[in-house]
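As stored in data-v4.cif (mmCIF, C-alpha atoms):
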data_final
#
loop_
_atom_site.label_atom_id
_atom_site.label_comp_id
_atom_site.auth_asym_id
_atom_site.auth_seq_id
_atom_site.Cartn_x
_atom_site.Cartn_y
_atom_site.Cartn_z
CA MET A 21 -3.97 -20.83 2.02
CA ARG A 22 -1.20 -21.15 -0.56
CA MET A 23 -2.14 -21.73 -4.16
CA PRO A 24 0.14 -24.13 -6.07
CA LEU A 25 1.80 -22.86 -9.21
CA ALA A 26 -0.13 -25.37 -11.32
CA CYS A 27 -3.42 -23.98 -10.01
CA ILE A 28 -2.28 -20.44 -10.73
CA THR A 29 -1.32 -21.39 -14.29
CA ALA A 30 -4.63 -23.13 -14.91
CA LEU A 31 -6.58 -20.23 -13.47
CA VAL A 32 -4.70 -17.67 -15.56
CA ALA A 33 -5.24 -19.72 -18.72
CA SER A 34 -8.94 -20.14 -18.00
CA LEU A 35 -9.38 -16.45 -17.31
CA THR A 36 -7.56 -15.49 -20.48
CA VAL A 37 -10.02 -17.44 -22.61
CA PHE A 38 -12.97 -16.33 -20.51
CA CYS A 39 -12.03 -12.64 -20.50
CA SER A 40 -11.45 -12.50 -24.25
CA ALA A 41 -14.90 -13.89 -24.83
CA ALA A 42 -16.98 -12.34 -22.10
CA GLY A 43 -15.47 -9.45 -20.16
CA ALA A 44 -17.40 -8.65 -16.98
CA VAL A 45 -20.05 -11.07 -15.74
CA GLU A 46 -23.58 -10.22 -14.60
CA LEU A 47 -25.57 -12.81 -12.65
CA GLU A 48 -29.04 -12.05 -11.30
CA GLY A 49 -28.22 -8.33 -11.27
CA VAL A 50 -24.83 -8.87 -9.57
CA ASP A 51 -21.81 -7.50 -11.44
CA ILE A 52 -18.73 -9.70 -11.08
CA HIS A 53 -15.21 -8.51 -11.85
CA GLY A 54 -11.84 -9.98 -11.06
CA PHE A 55 -8.12 -10.04 -11.73
CA VAL A 56 -5.16 -12.42 -11.55
CA SER A 57 -1.68 -10.94 -11.38
CA GLN A 58 1.56 -12.96 -11.37
CA GLY A 59 5.00 -11.41 -11.23
CA PHE A 60 8.71 -12.04 -10.89
CA ILE A 61 11.04 -9.89 -8.81
CA LYS A 62 14.83 -9.75 -8.46
CA THR A 63 16.74 -7.36 -6.23
CA THR A 64 20.34 -6.86 -5.23
CA LYS A 65 21.24 -10.06 -3.35
CA GLN A 66 21.53 -8.45 0.10
CA ASN A 67 18.35 -6.37 -0.23
CA ASN A 68 15.18 -8.44 -0.05
CA PHE A 69 12.27 -6.07 -0.73
CA PRO A 70 9.38 -6.49 -0.42
CA VAL A 71 9.50 -10.24 -1.15
CA SER A 72 11.57 -12.18 1.39
CA ASN A 73 13.62 -14.10 -1.22
CA SER A 74 13.78 -11.45 -3.93
CA GLY A 75 17.58 -11.31 -3.66
CA GLN A 76 17.64 -14.75 -5.30
CA GLY A 77 14.83 -13.89 -7.71
CA SER A 78 11.29 -14.90 -6.76
CA PHE A 79 7.87 -15.76 -8.19
CA ASN A 80 6.29 -15.27 -4.72
CA PHE A 81 4.84 -12.07 -6.09
CA ASN A 82 1.16 -12.24 -7.03
CA ASP A 83 -2.30 -10.76 -6.42
CA PHE A 84 -5.75 -12.27 -6.96
CA GLY A 85 -9.13 -10.61 -6.52
CA ILE A 86 -12.79 -11.05 -7.32
CA ASN A 87 -15.52 -8.59 -6.45
CA PHE A 88 -19.30 -8.62 -6.50
CA SER A 89 -21.53 -5.53 -6.58
CA LYS A 90 -25.24 -4.93 -6.91
CA GLU A 91 -27.44 -1.88 -7.32
CA VAL A 92 -30.26 -2.59 -4.87
CA THR A 93 -31.97 0.71 -5.66
CA PRO A 94 -30.73 3.73 -7.65
CA ASP A 95 -29.38 5.18 -4.37
CA LEU A 96 -28.25 1.99 -2.59
CA HIS A 97 -25.30 -0.16 -3.68
CA VAL A 98 -23.63 -3.09 -1.94
CA GLY A 99 -20.39 -4.85 -2.76
CA VAL A 100 -17.58 -7.07 -1.55
CA GLN A 101 -14.11 -8.02 -2.79
CA LEU A 102 -12.16 -11.18 -1.90
CA PHE A 103 -8.42 -10.72 -2.22
CA ALA A 104 -5.21 -12.74 -1.80
CA PHE A 105 -1.58 -11.84 -2.35
CA ASP A 106 1.88 -13.30 -1.81
CA ARG A 107 5.06 -11.42 -0.89
CA GLY A 108 7.14 -14.37 0.31
CA ASN A 109 6.89 -14.41 4.09
CA TYR A 110 3.68 -12.40 4.36
CA GLY A 111 0.38 -12.48 2.52
CA ARG A 112 0.97 -16.12 1.48
CA ASP A 113 -2.18 -16.23 -0.70
CA LYS A 114 -4.45 -16.11 2.34
CA ILE A 115 -7.94 -15.14 1.16
CA ILE A 116 -9.29 -12.06 2.96
CA VAL A 117 -12.27 -9.73 2.61
CA ASP A 118 -10.50 -6.75 1.07
CA TRP A 119 -13.51 -4.43 1.23
CA ALA A 120 -17.21 -4.92 1.82
CA TYR A 121 -19.78 -2.21 2.37
CA GLY A 122 -23.20 -0.79 1.72
CA ASP A 123 -23.35 2.63 0.07
CA TYR A 124 -26.40 4.90 0.27
CA ARG A 125 -26.30 8.23 -1.58
CA PHE A 126 -28.99 10.52 -0.16
CA LYS A 127 -28.01 13.52 -2.28
CA ASP A 128 -24.98 14.43 -4.39
CA TRP A 129 -23.65 16.33 -1.39
CA LEU A 130 -24.36 13.59 1.18
CA GLY A 131 -23.81 9.84 1.13
CA PHE A 132 -23.07 7.11 3.66
CA ARG A 133 -20.99 3.92 3.64
CA ALA A 134 -20.70 1.22 6.29
CA GLY A 135 -18.58 -1.93 6.48
CA LYS A 136 -14.94 -2.39 5.53
CA VAL A 137 -14.31 0.83 3.61
CA LYS A 138 -11.20 1.65 1.57
CA ILE A 139 -9.12 4.52 2.97
CA PRO A 140 -8.87 7.37 0.42
CA LEU A 141 -5.22 8.11 1.26
CA GLY A 142 -3.30 9.98 -1.42
CA LEU A 143 -4.05 9.77 -5.12
CA TYR A 144 -4.06 5.99 -5.54
CA ASN A 145 -4.60 4.07 -2.27
CA ASP A 146 -8.26 3.29 -2.94
CA ALA A 147 -7.44 1.82 -6.38
CA ARG A 148 -4.11 0.05 -5.72
CA ASP A 149 -5.44 -3.53 -5.52
CA ASN A 150 -5.77 -4.18 -9.24
CA ASP A 151 -2.41 -3.89 -11.00
CA ALA A 152 -4.15 -3.19 -14.32
CA LEU A 153 -5.54 0.12 -13.01
CA ARG A 154 -2.14 1.79 -12.73
CA THR A 155 1.06 2.16 -14.72
CA PHE A 156 3.62 1.22 -12.06
CA ILE A 157 4.20 -2.15 -10.43
CA PHE A 158 5.46 -0.44 -7.25
CA LEU A 159 4.02 2.95 -6.40
CA PRO A 160 6.22 5.31 -4.30
CA GLN A 161 6.68 3.33 -1.12
CA GLN A 162 6.30 5.84 1.69
CA ALA A 163 2.73 6.67 0.62
CA TYR A 164 1.89 3.17 -0.70
CA PHE A 165 4.17 0.93 1.36
CA ASP A 166 3.70 -2.74 0.43
CA TYR A 167 4.26 -3.87 4.01
CA GLU A 168 1.34 -1.71 5.20
CA ARG A 169 -1.08 -2.85 2.51
CA ASP A 170 -2.79 -5.51 4.66
CA SER A 171 -3.39 -3.23 7.66
CA LEU A 172 -3.71 0.38 6.51
CA VAL A 173 -5.76 0.01 3.32
CA ALA A 174 -9.25 0.06 4.88
CA ILE A 175 -11.28 1.01 7.94
CA LEU A 176 -13.88 -1.18 9.63
CA GLY A 177 -16.61 1.33 10.38
CA GLY A 178 -18.55 3.99 8.55
CA ALA A 179 -18.06 6.94 6.25
CA VAL A 180 -19.84 10.07 5.14
CA TYR A 181 -19.03 11.61 1.76
CA GLY A 182 -20.32 13.94 -0.91
CA SER A 183 -19.64 16.44 -3.71
CA LEU A 184 -20.12 20.19 -3.33
CA PRO A 185 -20.33 22.24 -6.55
CA MET A 186 -18.58 25.61 -6.31
CA GLY A 187 -19.61 27.14 -9.61
CA ALA A 188 -16.68 28.65 -11.50
CA ALA A 189 -14.28 27.40 -8.81
CA GLY A 190 -14.92 23.73 -9.64
CA THR A 191 -16.08 20.95 -7.31
CA LEU A 192 -15.12 19.92 -3.79
CA ASN A 193 -15.34 16.20 -2.89
CA TYR A 194 -15.08 15.18 0.75
CA GLN A 195 -14.95 11.93 2.72
CA LEU A 196 -14.70 11.21 6.45
CA GLU A 197 -14.26 7.68 7.85
CA VAL A 198 -14.33 6.52 11.47
CA GLY A 199 -13.67 2.98 12.73
CA ALA A 200 -10.70 0.68 13.31
CA VAL A 201 -7.95 -0.42 10.92
CA PRO A 202 -7.92 -4.23 10.42
CA ALA A 203 -4.33 -4.85 11.49
CA VAL A 204 -3.21 -8.50 11.59
CA SER A 205 -0.38 -10.05 13.62
CA ASP A 206 0.98 -12.12 10.71
CA GLY A 207 0.92 -9.27 8.19
CA GLY A 208 3.52 -7.01 6.68
CA PHE A 209 2.69 -4.09 8.97
CA ALA A 210 3.40 -6.24 12.05
CA LYS A 211 6.75 -7.22 10.51
CA GLU A 212 7.46 -3.54 9.93
CA ILE A 213 6.86 -2.71 13.60
CA GLY A 214 8.97 -5.67 14.79
CA GLY A 215 11.72 -4.59 12.42
CA MET A 216 11.71 -1.03 13.76
CA VAL A 217 12.40 -2.30 17.26
CA GLY A 218 14.76 -4.95 15.91
CA ASP A 219 13.87 -7.90 18.10
CA LEU A 220 10.09 -8.45 18.12
CA ASN A 221 7.82 -11.03 16.52
CA ILE A 222 4.33 -9.51 16.86
CA THR A 223 1.84 -12.00 18.34
CA ASP A 224 -1.14 -9.69 18.88
CA ILE A 225 -2.22 -6.38 17.42
CA SER A 226 -5.32 -4.22 17.80
CA SER A 227 -6.42 -0.76 16.76
CA LYS A 228 -8.05 2.04 18.68
CA THR A 229 -10.55 4.36 17.00
CA SER A 230 -9.11 5.45 13.65
CA VAL A 231 -10.06 8.42 11.49
CA ALA A 232 -9.38 8.95 7.79
CA HIS A 233 -10.30 12.00 5.77
CA SER A 234 -10.05 13.28 2.23
CA LEU A 235 -10.71 16.66 0.64
CA GLU A 236 -10.39 16.76 -3.15
CA TRP A 237 -10.63 19.91 -5.25
CA ARG A 238 -11.59 19.31 -8.87
CA THR A 239 -10.36 22.61 -10.20
CA PRO A 240 -11.89 24.56 -13.10
CA VAL A 241 -8.73 23.73 -15.08
CA PRO A 242 -9.55 20.60 -17.12
CA GLY A 243 -7.59 17.60 -15.87
CA LEU A 244 -6.25 19.27 -12.71
CA ARG A 245 -7.13 18.06 -9.20
CA ALA A 246 -5.61 18.59 -5.76
CA LEU A 247 -6.09 16.59 -2.54
CA VAL A 248 -5.38 16.73 1.16
CA THR A 249 -5.84 13.33 2.82
CA GLY A 250 -4.99 11.92 6.22
CA LEU A 251 -5.04 8.94 8.58
CA HIS A 252 -4.94 8.99 12.38
CA THR A 253 -4.72 5.82 14.48
CA THR A 254 -3.07 4.06 17.44
CA LEU A 255 -2.13 0.39 17.50
CA SER A 256 -0.84 -1.80 20.33
CA GLY A 257 -0.30 -5.44 21.26
CA THR A 258 2.08 -8.08 22.50
CA ALA A 259 5.17 -9.68 21.00
CA ALA A 260 7.67 -12.47 21.48
CA VAL A 261 11.31 -11.45 21.69
CA ASP A 262 13.42 -12.97 18.92
CA PRO A 263 16.64 -14.13 20.67
CA THR A 264 18.50 -14.18 17.34
CA GLN A 265 17.91 -10.43 16.90
CA ASN A 266 17.71 -9.19 20.49
CA ARG A 267 20.63 -7.01 21.50
CA ASP A 268 21.19 -8.99 24.73
CA GLY A 269 20.36 -12.44 23.39
CA LEU A 270 17.35 -12.61 25.71
CA ASP A 271 14.14 -14.55 25.25
CA GLY A 272 10.74 -13.56 26.63
CA SER A 273 7.93 -11.23 25.65
CA ALA A 274 7.12 -7.57 25.30
CA THR A 275 4.21 -5.17 25.05
CA TRP A 276 4.35 -2.51 22.38
CA LYS A 277 2.41 0.54 21.28
CA TYR A 278 2.49 2.36 17.93
CA ASP A 279 1.02 5.54 19.32
CA SER A 280 -0.73 8.45 17.66
CA LEU A 281 0.17 7.86 14.04
CA HIS A 282 -0.71 11.03 12.15
CA ARG A 283 -0.27 10.80 8.39
CA TYR A 284 -0.99 13.61 5.94
CA LEU A 285 -0.63 13.57 2.16
CA PHE A 286 -0.75 16.64 -0.06
CA SER A 287 -1.28 15.58 -3.67
CA ALA A 288 -1.83 17.05 -7.13
CA GLU A 289 -2.46 15.45 -10.51
CA TYR A 290 -2.71 16.95 -13.99
CA SER A 291 -3.95 14.98 -17.02
CA TYR A 292 -3.68 16.26 -20.57
CA GLN A 293 -4.62 13.86 -23.36
CA ASP A 294 -2.19 10.92 -22.95
CA LEU A 295 0.08 12.61 -20.40
CA VAL A 296 -0.40 12.38 -16.62
CA LEU A 297 1.80 14.36 -14.21
CA SER A 298 1.47 14.05 -10.44
CA GLY A 299 3.25 14.80 -7.21
CA GLU A 300 2.77 14.03 -3.52
CA TYR A 301 4.25 15.20 -0.22
CA GLU A 302 3.72 13.17 2.96
CA LEU A 303 4.19 13.95 6.65
CA ASP A 304 4.20 11.20 9.31
CA ASP A 305 4.42 11.64 13.09
CA TYR A 306 4.27 8.74 15.55
CA THR A 307 5.81 7.17 18.65
CA LEU A 308 6.81 3.51 18.96
CA HIS A 309 7.31 2.09 22.47
CA ALA A 310 8.17 -1.43 23.69
CA ASP A 311 8.45 -2.78 27.27
CA TYR A 312 10.26 -6.09 27.88
CA SER A 313 8.97 -8.65 30.39
CA ASN A 314 12.46 -9.70 31.55
CA GLY A 315 12.74 -6.43 33.46
CA THR A 316 16.38 -5.86 32.51
CA THR A 317 16.28 -4.89 28.83
CA VAL A 318 15.95 -1.14 28.45
CA PRO A 319 12.52 -0.18 27.04
CA PHE A 320 12.54 0.89 23.40
CA ASN A 321 11.25 4.38 22.60
CA SER A 322 11.29 6.10 19.24
CA LYS A 323 9.49 9.31 18.37
CA GLN A 324 9.71 9.95 14.65
CA ALA A 325 8.82 12.81 12.36
CA THR A 326 9.29 11.54 8.81
CA ASP A 327 8.48 13.03 5.44
CA SER A 328 8.67 12.12 1.77
CA TRP A 329 7.97 13.52 -1.66
CA CYS A 330 7.62 12.17 -5.17
CA VAL A 331 7.02 13.31 -8.73
CA MET A 332 5.48 10.94 -11.29
CA ALA A 333 4.88 11.06 -15.03
CA THR A 334 3.19 8.63 -17.42
CA TYR A 335 2.61 8.88 -21.14
CA ARG A 336 0.58 6.58 -23.38
CA LEU A 337 2.18 6.44 -26.81
CA ASN A 338 -0.58 4.33 -28.37
CA ASN A 339 -3.34 1.93 -27.36
CA TRP A 340 -0.90 -0.86 -26.43
CA PHE A 341 2.18 0.90 -25.00
CA GLU A 342 2.69 3.26 -22.06
CA VAL A 343 5.82 4.49 -20.28
CA GLY A 344 6.10 5.85 -16.76
CA SER A 345 8.76 7.15 -14.41
CA PHE A 346 9.00 8.61 -10.92
CA TYR A 347 11.50 9.95 -8.44
CA HIS A 348 10.85 9.50 -4.73
CA GLU A 349 12.66 10.52 -1.52
CA VAL A 350 11.90 9.46 2.08
CA TYR A 351 13.57 10.70 5.28
CA ALA A 352 13.28 8.99 8.67
CA ASP A 353 14.00 12.31 10.42
CA ARG A 354 12.78 15.30 8.45
CA HIS A 355 14.72 17.61 10.79
CA HIS A 356 18.06 15.89 10.06
CA ARG A 357 18.05 14.77 6.43
CA ASP A 358 21.77 13.95 6.55
CA GLY A 359 21.04 10.86 8.69
CA SER A 360 23.11 12.14 11.62
CA THR A 361 20.50 10.99 14.18
CA PHE A 362 20.60 7.31 13.09
CA ALA A 363 21.70 6.05 16.52
CA GLU A 364 18.67 7.63 18.20
CA PHE A 365 16.39 5.59 15.93
CA ASN A 366 18.27 2.29 16.22
CA LEU A 367 19.01 2.42 12.47
CA LEU A 368 22.70 1.37 12.65
CA ARG A 369 24.11 3.79 10.04
CA PRO A 370 23.26 7.11 8.33
CA GLU A 371 22.23 5.62 4.97
CA ASN A 372 19.45 3.68 6.71
CA MET A 373 17.76 7.02 7.41
CA TRP A 374 16.67 7.70 3.83
CA TRP A 375 15.35 6.11 0.64
CA LYS A 376 15.89 7.70 -2.79
CA ASP A 377 14.17 5.79 -5.60
CA THR A 378 14.35 6.36 -9.35
CA ALA A 379 11.92 4.13 -11.29
CA LEU A 380 11.16 3.41 -14.95
CA THR A 381 8.21 1.31 -16.15
CA LEU A 382 7.14 -0.05 -19.52
CA ARG A 383 3.50 -1.14 -19.74
CA PHE A 384 2.08 -3.21 -22.60
CA ASP A 385 -1.62 -3.88 -23.31
CA PRO A 386 -1.30 -6.47 -26.11
CA ILE A 387 -4.93 -7.65 -25.98
CA ARG A 388 -8.06 -6.68 -24.14
CA HIS A 389 -8.06 -7.77 -20.46
CA MET A 390 -4.30 -8.40 -20.40
CA VAL A 391 -1.50 -6.14 -19.09
CA LEU A 392 2.25 -6.81 -19.10
CA LYS A 393 4.77 -4.66 -17.23
CA VAL A 394 8.55 -4.40 -16.91
CA GLU A 395 9.99 -2.13 -14.23
CA GLY A 396 13.39 -1.15 -12.86
CA HIS A 397 14.38 0.83 -9.76
CA TYR A 398 17.71 2.29 -8.73
CA ILE A 399 17.63 3.03 -4.99
CA ASN A 400 20.04 4.75 -2.63
CA GLY A 401 19.36 4.13 1.08
CA ASN A 402 17.60 1.43 3.09
CA TYR A 403 14.94 3.12 5.21
CA GLU A 404 12.04 0.99 3.87
CA ILE A 405 13.97 -2.32 4.05
CA ILE A 406 12.50 -4.86 6.50
CA GLU A 407 14.34 -8.08 5.57
CA ASN A 408 18.10 -8.25 6.34
CA PHE A 409 18.14 -4.59 7.32
CA ALA A 410 21.60 -4.74 8.91
CA GLY A 411 23.29 -6.32 5.87
CA ALA A 412 21.52 -4.38 3.10
CA LYS A 413 23.59 -2.53 0.52
CA SER A 414 23.17 1.24 0.32
CA ASP A 415 23.01 1.38 -3.49
CA TRP A 416 20.86 -1.31 -5.02
CA TYR A 417 18.25 -2.18 -7.62
CA ILE A 418 14.86 -3.79 -8.12
CA PHE A 419 13.84 -5.51 -11.33
CA ALA A 420 10.22 -6.64 -11.58
CA THR A 421 7.82 -7.96 -14.20
CA LYS A 422 4.10 -8.61 -13.90
CA ALA A 423 1.31 -10.09 -16.02
CA THR A 424 -2.29 -9.23 -15.11
CA PHE A 425 -5.52 -10.65 -16.48
CA THR A 426 -8.84 -8.95 -15.73
CA PHE A 427 -12.51 -9.53 -16.38
#

Would you mind writing the file's structure down as structure tokens?
Amino acid sequence: MRMPLACITALVASLTVFCSAAGAVELEGVDIHGFVSQGFIKTTKQNNFPVSNSGQGSFNFNDFGINFSKEVTPDLHVGVQLFAFDRGNYGRDKIIVDWAYGDYRFKDWLGFRAGKVKIPLGLYNDARDNDALRTFIFLPQQAYFDYERDSLVAILGGAVYGSLPMGAAGTLNYQLEVGAVPAVSDGGFAKEIGGMVGDLNITDISSKTSVAHSLEWRTPVPGLRALVTGLHTTLSGTAAVDPTQNRDGLDGSATWKYDSLHRYLFSAEYSYQDLVLSGEYELDDYTLHADYSNGTTVPFNSKQATDSWCVMATYRLNNWFEVGSFYHEVYADRHHRDGSTFAEFNLLRPENMWWKDTALTLRFDPIRHMVLKVEGHYINGNYEIIENFAGAKSDWYIFATKATFTF
């Protein structure tokens, strides 16, 4: 469903008054929290990212969520979050169950979750929904790619987790999830796959058994933690060939397979008073294959070994103002960082083989339950571009603002 701008305005106004007076809501032992986030984005005209009309400037850039949680017993908790977002030609304010699970903690070292469980990928994936919980509007995109948010943010299945004290060495937190990722054919991830091949509109998508894992070391150094996290899955489905993009101008259908995606993130974060420093390195390995029903178009095959890294810093100057910055690099072929293998990956030119992003963010917290952000990005390269990939400029910018109200 799409929510009219008038409804959004009324809802934001109502929540502003409500939040200032009440904060979180409790009803019959159920805790209720929520957020409304509305933004504006403008990019270089030829580079629409991640909103389809951001080159012209767009307000199709919002997030809404409400969650309910209850402590059934001291060891058993249940909860659910409804979520909607708009990024122009995907999301479109369709209400989905973002996460929903029961959580039973048997001991500190052993707990269980079942349902739609958030994937603990990297430092921030399990807390990226609510814009007020982070400094940046856009996190580094290879690890927290907006187009993958609807399909690779959770697992439908179960999880085991716990905390293991190690004395003077700190604490080790672990989590293992098994299930299926909830990929959707009209989502951003499906558009990403179709864009990789260059001529597919995904009509069906399904996931095989998926595994996610996280190992976090809370070191004995105050404020310092390190993580190794990962996701392993295979997706496949059918697609309609887009004759406007197809190399041979052919219509028809295709079957595709996004095989054996292995994603690893190595992360570290250090917090000292109002300063937070962090860094992440990511490795991705996967194969994308497409067979065309017309029998004449050559099957598409791409085996990729990508990597990326980023460094981030945020500093809170006072209780209402925070500044943040990061630098982020992504390479489509980690064995040829100069982009010389672009033809093998159907990426048209060398500069489409990387993404180098310098970002600066100003965050304002003028009143309780309200966050305002202004953010700019200077980017060299087009690897993460999905819209108008062929015509995108190699050096470009993103300007974004966002207002978030929480309760």

Residues within 9 Å of stretch 135-140 of chain A, please, as a PyMOL selection string. Count only C-alpha atoms; anything in the same chain fewer than 5 positions from it doesn't count. chain A and resi 100+117-122+145-147+172-179+195+197+202+232-234+249-251

What lies within 7 Å of A:Gly359 using all atoms listed in the file, ignoring chain neighbours under 3 positions off, as a PDB file with C-alpha atoms, in the coordinates of the input?
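Ended up saving to around29.pdb:
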ATOM      1  CA  HIS A 356      18.060  15.890  10.060  1.00  0.00           C
ATOM      2  CA  PHE A 362      20.600   7.310  13.090  1.00  0.00           C
ATOM      3  CA  PRO A 370      23.260   7.110   8.330  1.00  0.00           C
ATOM      4  CA  GLU A 371      22.230   5.620   4.970  1.00  0.00           C
ATOM      5  CA  MET A 373      17.760   7.020   7.410  1.00  0.00           C
TER       6      MET A 373
END

Evaluating the PyMOL selection byres ((chain A and resi 156-160) around 8) on the displayed file yields which residues, as a PyMOL selection string? chain A and resi 151+154-155+161-165+330+344+346+348+381+393+395+420-422

Taking only C-alpha atoms into account, name the residue in A:Gly401, A:Gly396, A:Gly59, A:Gly142 that is nearest to A:Tyr351.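 With only C-alpha atoms as the atom set, the closest residue is A:Gly401.
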
Go through the shown structure with the PyMOL selection byres ((chain A and resi 405) around 12) and write out the matching residues as a PyMOL selection string. chain A and resi 63+66-72+161-162+165-167+208+211-213+215-216+367+371-375+399-404+406-414+416

Which one of A:Lys376, A:His309, A:Arg369, A:Arg133 sits closest to A:Lys277 if you count all atoms listed in the file? A:His309

For a quick check of understanding, using all atoms listed in the file, which of A:Glu236, A:Asp279, A:Asp311, A:Asp51 has the smallest distance to A:Lys90?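 Between A:Glu236, A:Asp279, A:Asp311, A:Asp51, the residue approaching A:Lys90 most closely is A:Asp51.
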
A:Ile418 proximity check over A:Leu392, A:Leu337, A:Val98, A:Leu380, using all atoms listed in the file: winner is A:Leu380

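Across A:Gln293, A:Thr378, A:Asn221, A:Gln58, the tightest approach to A:Val331 is made by A:Thr378 when counting all atoms listed in the file.
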
Go ahead and compute the interatomic distance for atom CA of A:Ser328 and atom CA of A:Thr64, in Å to one decimal. 23.4 Å

Skip A:His97 itself and residues of its chain fewer than 4 positions away, then list as an MDAnalysis selection string all residues within 8 Å of it, counting only C-alpha atoms. chainID A and resid 89:93 122:124

What is the atom CA of A:Ser280 to atom CA of A:Lys228 distance in Å? 9.8 Å

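Each of A:Gly75, A:Pro240, A:Pro386, A:Pro94 was compared to A:Lys127 using only C-alpha atoms, and A:Pro94 turns out to be the nearest.
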
Interatomic distance, atom CA of A:Val180 to atom CA of A:Gly207 (Å, one decimal):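 Result for atom CA of A:Val180 versus atom CA of A:Gly207: 28.5 Å, one decimal.
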